[in-house]
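Here the structure is laid out as structure tokens; the discussion comes afterwards.
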Amino acid sequence: ASELLVPQSEIEQWQPQFDGIEDFQTGVSAFADARNVSRAMVAYRLYKSGRISRAFWEELTSRFREMWLREKASNKQAASETEGGPSYYVVRRHRLGGALVRVVKRTLDEGILTPTKAGRVLGVRPNNVALLVDGV
């Protein structure tokens, strides 16, 4: 799967700067971010292609995991500081269940169910049905 995300030719053509592990880590992060893939996956591909040693790969992986844990904690902290909660439609979807909402959405898309009848099934006004089913 990683070959599809980042072809071996890109790994071979990439010439990272190696002025210490911090610089290498920054280079791998930039490479991964530009392709929207994980940093650990890029490090593993470099290891498997023989560009870095196992010990260096393990050190990079450890550092990337620490970075990920810090980012996760920071995001959790930021989310807990925001006021409010989920919208009415998120809560309603949760209470109704994803299966029911998906069935209603599919039957609406196919023209089998009208918005009025969908509103009755979902317990919302017909003009709010789209707001409820679009989140699925």
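In the structure tokens, chains take letters A, B, ... by order of appearance, with residues numbered from 1 within each chain and ligands from 1 in the order shown.
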
With only C-alpha atoms as the counted atoms, please give the residues lying no more than 7 Å from segment 122-134 of chain A, apart from itself and same-chain residues fewer than 5 positions off, as a PDB file with all heavy atoms, in the first residue's frame.
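Generated file (part-v8.pdb):
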```pdb
ATOM      1  N   TYR A  89     -28.005  18.490  14.794  1.00  0.00           N
ATOM      2  CA  TYR A  89     -28.095  17.453  13.774  1.00  0.00           C
ATOM      3  C   TYR A  89     -27.102  16.318  14.026  1.00  0.00           C
ATOM      4  O   TYR A  89     -27.396  15.161  13.737  1.00  0.00           O
ATOM      5  CB  TYR A  89     -27.914  18.055  12.382  1.00  0.00           C
ATOM      6  CG  TYR A  89     -29.003  19.059  12.108  1.00  0.00           C
ATOM      7  CD1 TYR A  89     -28.754  20.417  12.186  1.00  0.00           C
ATOM      8  CD2 TYR A  89     -30.294  18.640  11.813  1.00  0.00           C
ATOM      9  CE1 TYR A  89     -29.774  21.334  11.975  1.00  0.00           C
ATOM     10  CE2 TYR A  89     -31.313  19.541  11.602  1.00  0.00           C
ATOM     11  CZ  TYR A  89     -31.048  20.895  11.686  1.00  0.00           C
ATOM     12  OH  TYR A  89     -32.056  21.783  11.485  1.00  0.00           O
ATOM     13  N   ARG A  93     -28.494  12.624  14.558  1.00  0.00           N
ATOM     14  CA  ARG A  93     -27.981  11.490  13.764  1.00  0.00           C
ATOM     15  C   ARG A  93     -27.520  10.362  14.671  1.00  0.00           C
ATOM     16  O   ARG A  93     -27.779   9.192  14.413  1.00  0.00           O
ATOM     17  CB  ARG A  93     -26.808  11.937  12.891  1.00  0.00           C
ATOM     18  CG  ARG A  93     -27.174  12.347  11.503  1.00  0.00           C
ATOM     19  CD  ARG A  93     -25.959  12.496  10.623  1.00  0.00           C
ATOM     20  NE  ARG A  93     -24.954  13.412  11.112  1.00  0.00           N
ATOM     21  CZ  ARG A  93     -24.952  14.722  10.885  1.00  0.00           C
ATOM     22  NH1 ARG A  93     -25.907  15.262  10.173  1.00  0.00           N
ATOM     23  NH2 ARG A  93     -24.009  15.470  11.366  1.00  0.00           N
ATOM     24  N   VAL A 101     -30.334   6.620   9.029  1.00  0.00           N
ATOM     25  CA  VAL A 101     -30.062   7.858   8.293  1.00  0.00           C
ATOM     26  C   VAL A 101     -29.537   7.544   6.893  1.00  0.00           C
ATOM     27  O   VAL A 101     -29.929   8.198   5.916  1.00  0.00           O
ATOM     28  CB  VAL A 101     -29.079   8.756   9.086  1.00  0.00           C
ATOM     29  CG1 VAL A 101     -28.719   9.995   8.297  1.00  0.00           C
ATOM     30  CG2 VAL A 101     -29.676   9.137  10.435  1.00  0.00           C
ATOM     31  N   LYS A 105     -31.290   8.633   3.418  1.00  0.00           N
ATOM     32  CA  LYS A 105     -30.518   9.392   2.424  1.00  0.00           C
ATOM     33  C   LYS A 105     -30.552   8.692   1.065  1.00  0.00           C
ATOM     34  O   LYS A 105     -30.784   9.334   0.034  1.00  0.00           O
ATOM     35  CB  LYS A 105     -29.073   9.559   2.887  1.00  0.00           C
ATOM     36  CG  LYS A 105     -28.198  10.331   1.901  1.00  0.00           C
ATOM     37  CD  LYS A 105     -26.818  10.534   2.450  1.00  0.00           C
ATOM     38  CE  LYS A 105     -25.861  11.161   1.497  1.00  0.00           C
ATOM     39  NZ  LYS A 105     -26.248  12.411   0.924  1.00  0.00           N
ATOM     40  N   PRO A 115     -39.102  14.430   0.824  1.00  0.00           N
ATOM     41  CA  PRO A 115     -38.592  15.102   2.021  1.00  0.00           C
ATOM     42  C   PRO A 115     -39.618  15.164   3.152  1.00  0.00           C
ATOM     43  O   PRO A 115     -39.252  15.092   4.324  1.00  0.00           O
ATOM     44  CB  PRO A 115     -38.223  16.494   1.531  1.00  0.00           C
ATOM     45  CG  PRO A 115     -37.929  16.309   0.081  1.00  0.00           C
ATOM     46  CD  PRO A 115     -38.877  15.244  -0.377  1.00  0.00           C
ATOM     47  N   THR A 116     -40.877  15.264   2.815  1.00  0.00           N
ATOM     48  CA  THR A 116     -41.920  15.300   3.845  1.00  0.00           C
ATOM     49  C   THR A 116     -41.963  13.990   4.611  1.00  0.00           C
ATOM     50  O   THR A 116     -41.975  13.974   5.851  1.00  0.00           O
ATOM     51  CB  THR A 116     -43.293  15.585   3.200  1.00  0.00           C
ATOM     52  OG1 THR A 116     -43.218  16.811   2.471  1.00  0.00           O
ATOM     53  CG2 THR A 116     -44.380  15.675   4.249  1.00  0.00           C
TER      54      THR A 116
END
```

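Near segment 28-38 of chain A, within a cut-off of 8 Å and counting only C-alpha atoms, sit the residues Leu5, Val6, Pro16, Phe24, Val42 and Ala43 of chain A, with same-chain residues fewer than 4 positions away left out.
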
The selected residues should be written to file as a compact mmCIF listing (two decimals), in the first residue's frame (atoms: C-alpha atoms).
```
# COMPACT_ATOMS: atom_id res chain seq x y z
CA LEU A 5 1.14 6.42 -1.80
CA VAL A 6 4.83 7.08 -2.36
CA PRO A 16 17.51 14.46 2.21
CA PHE A 24 16.78 14.65 8.85
CA VAL A 42 8.36 7.56 4.87
CA ALA A 43 10.99 6.63 7.46
```

For this session: Taking the DSSP assignment computed from this structure's backbone, write out as a ChimeraX atom specification all residues of segment 32-123 of chain A that belong to helix (DSSP H, G or I).
Result: /A:32-35,39-48,54-81,88-96,98-109,115-122

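Distances here use only C-alpha atoms; by that measure, the residue among A:Ser80, A:Pro86, A:Ile21, A:Gly119 closest to Glu58 of chain A is A:Ile21.
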
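In this comparison, which uses only C-alpha atoms, the residue of A:Val103, A:Met67, A:Ala55, A:Glu83 approaching Thr26 of chain A most closely is A:Met67.
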
For this session: Using only C-alpha atoms, determine which residues lie at most 12 Å from Arg65 of chain A, disregarding the query and same-chain residues fewer than 3 positions distant; provide the list as JSON, numbers by chain.
Result: {"A": [25, 38, 39, 40, 41, 43, 58, 59, 60, 61, 62, 68, 69, 70, 71, 72]}

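Computed from the coordinates, the atom CA of Ser53 of chain A to atom CA of Gln15 of chain A distance equals 15.9 Å.
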
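A straight line drawn from atom CA of Asp23 of chain A to atom CA of Trp57 of chain A is 14.2 Å long.
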
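Our summary of the geometry notes that atom CA of Trp14 of chain A is positioned 13.6 Å from atom CA of Tyr47 of chain A.
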